[in-house]
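Q: Submitted below is the structure of interest, expressed as structure tokens.
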Amino acid sequence: MEHLAWMAWTWQTGAFFALVAGLLALLTTLAVNRPEIARPGILGITTTRGDRLFITLLGSAFIHLAWLGLVGPELEIASGLALLYAAAVFRWV
Amino acid sequence: MDKPVNQGAWLLVLPVLLIVAFSAIVPLMTVVNYSVQDTFGNNQFFWNGIGWYQELLDPSTDLGGRFFDALWRNLLFSFLILAIEVPLGIAVALSMPRQGWRVAATLVVLALPLLIPWNVVGTIWQIFAREDIGLLGWVVNHLGIPYNYTADPLSAWVTIVTMDVWHWTSLVALLCYAGLRSIPDAFYQAARIDGASRWAIFRNIQLPKMRRVLLIAVLLRFMDSFMIYTEPFVVTGGGPGNSTTFVSIDLVKLALGQFDLGKAAALSIVYNLIILAVCWVFYTVMTRMDSGRS
């Protein structure tokens, strides 16, 4: 890790990016082994799994920021809400 | 017989992937890493968790106050330039010639401001609007209207909004003109037979045909104005006081002026997320419009 010191890694940010990379790898594997057809959802646009993951990640970031700004630093509840939001996005969007 | 799929073509994407990785993804990851830490230089970092984000999103703190003030200024600026540039661009496009040598001449003249680099535009207006040696500033003051963009916030705002309108209305006009050119003559002939008024033609033929390009124009102008840095920085430097300090200017002050990398990184991430969300909303609306049309 010495040669990556300039990137100022911490295990927390490393875990976060590993999670995102893992999700992308999972979606790629799914796309190869179980190809899908984009489907229309409540937003009136057709979405693929990748689109829904993007909407989930972006929305989750805003859920956490809104919680931090409006409620407080206890982000566990915000993470729970983000998981619910993710389930809703993958089901209905 | 199934044709074998050659996946070797993916290798051709590798150079782009590498360039994007080093120009965008790695720097973005680094910014995320910085945003949860504090540093006093010498490449030494200390864990701060969500501290900077908490401070940033609380308007009662110094960082939060600065951020929200700059954000409102940014939104007001974007709203003002869109409210001026879009109708003005449509009006210019509608009054442009449709044939003959004047088409090329008009297009060249309109394209000129778009070809000038941002910092040069800033310098032009910085001199043009000066009250002592600038033509605009001198004339306005001699007309009896007090105008000094270095001391009066209203003058500074008028200057940067006018500068942006001068620089970018052409883009809206050119996009609208492209939309207008795609309308077949038969539409106008039918409207003439029906005895449609000028307004009815605009409302029912021209505007619907321009809808898509207008949306692109609004998206481009919003994003550009929301991320604006160079022009106001060159003209006003964010002043007088902080009256024209937009988020990007504040970000540079934080990161390079104060060397507060953690705070600047947290601000960058939130700024980036706002831009990403707005882009996505526009993309969704455009996709919906497309699917509605087909």
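Identifiers in this document derive from the order of the structure tokens: chains are assigned A, B, ..., residues are numbered from 1 separately in each chain, and ligands are numbered from 1 in order of occurrence.
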Any chance you could list, as a PDB file with N, CA and C atoms, in the first residue's frame, the residues in chain A that come up strand (DSSP E or B) when DSSP is run on the backbone?
A:
ATOM      1  N   ARG A  39     -36.870  -3.178 -19.148  1.00  0.00           N
ATOM      2  CA  ARG A  39     -38.321  -3.117 -18.975  1.00  0.00           C
ATOM      3  C   ARG A  39     -38.762  -1.727 -18.500  1.00  0.00           C
ATOM      4  N   PRO A  40     -39.989  -1.336 -18.866  1.00  0.00           N
ATOM      5  CA  PRO A  40     -40.472  -0.029 -18.418  1.00  0.00           C
ATOM      6  C   PRO A  40     -40.905  -0.087 -16.959  1.00  0.00           C
ATOM      7  N   THR A  46     -37.527   2.789 -19.931  1.00  0.00           N
ATOM      8  CA  THR A  46     -37.094   1.402 -19.779  1.00  0.00           C
ATOM      9  C   THR A  46     -35.740   1.391 -19.076  1.00  0.00           C
ATOM     10  N   THR A  47     -35.608   0.448 -18.147  1.00  0.00           N
ATOM     11  CA  THR A  47     -34.349   0.386 -17.391  1.00  0.00           C
ATOM     12  C   THR A  47     -33.787  -1.034 -17.398  1.00  0.00           C
TER      13      THR A  47
END
Q: Using only C-alpha atoms, find the residues of chain A whose closest atom to chain B is at most 6 Å away, then write them as a list in words.
A: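 My answer is Met7, Ala8, Trp9, Ile45 and Gly69 of chain A.
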Q: With N, CA and C atoms retained, could you export that selection as a compact mmCIF listing (two decimals), in the first residue's frame?
A:
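Final output, selection-v8.txt:
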# COMPACT_ATOMS: atom_id res chain seq x y z
N MET A 7 -2.96 8.36 -2.41
CA MET A 7 -4.41 8.28 -2.55
C MET A 7 -5.11 8.29 -1.19
N ALA A 8 -4.33 8.28 -0.12
CA ALA A 8 -4.85 8.39 1.24
C ALA A 8 -5.94 7.38 1.55
N TRP A 9 -5.67 6.12 1.25
CA TRP A 9 -6.69 5.08 1.48
C TRP A 9 -6.93 4.86 2.97
N ILE A 45 -39.64 5.14 -18.20
CA ILE A 45 -38.50 4.84 -19.07
C ILE A 45 -38.15 3.36 -18.90
N GLY A 69 -27.98 15.96 7.14
CA GLY A 69 -28.28 17.38 7.21
C GLY A 69 -29.52 17.69 8.02
Q: Any idea what's packed within 7 Å of A:Ile63, counting only C-alpha atoms, ignoring anything in its chain fewer than 3 positions away? Could you give it as a ChimeraX atom specification?
A: /A:59-60,66-67,78,82
Q: Could you please write out, as an MDAnalysis selection string, every residue of stretch 37-283 of chain B that DSSP assigns to alpha helix (DSSP H)?
A: chainID B and resid 51:56 62:94 101:115 118:128 135:142 153:181 185:193 198:201 207:226 230:235 247:252 261:283
Q: Fewer than 4 positions away in the same chain doesn't count, so skip those; otherwise give me all residues within 12 Å of B:Arg73, counting only C-alpha atoms, as a compact mmCIF listing (two decimals) with C-alpha atoms, in the first residue's frame.
A:
# COMPACT_ATOMS: atom_id res chain seq x y z
CA ARG B 66 -20.45 29.30 2.94
CA PHE B 67 -21.66 26.26 1.02
CA PHE B 68 -25.37 27.07 1.18
CA ASP B 69 -24.80 30.75 0.38
CA PHE B 77 -27.35 32.68 -11.44
CA SER B 78 -28.46 29.60 -13.41
CA PHE B 79 -32.11 30.67 -13.14
CA LEU B 80 -31.35 34.21 -14.34
CA PRO B 153 -22.79 43.66 -5.70
CA TRP B 157 -24.19 40.55 -10.85
CA VAL B 161 -25.08 37.79 -16.08
CA SER B 225 -23.73 27.82 -15.48
CA PHE B 226 -23.95 25.64 -12.39
CA MET B 227 -20.27 24.73 -12.79
CA ILE B 228 -19.16 28.20 -13.89
CA GLY B 238 -15.98 36.24 -6.26
CA ASN B 242 -18.62 37.16 -1.39
CA SER B 243 -21.49 38.39 -3.55
CA THR B 244 -20.43 36.51 -6.69
CA THR B 245 -18.69 33.58 -5.01
CA PHE B 246 -20.18 30.48 -6.58
CA VAL B 247 -19.64 26.93 -5.36
CA SER B 248 -16.75 26.30 -7.75
CA ILE B 249 -14.97 29.49 -6.68
CA ASP B 250 -15.47 28.65 -3.01
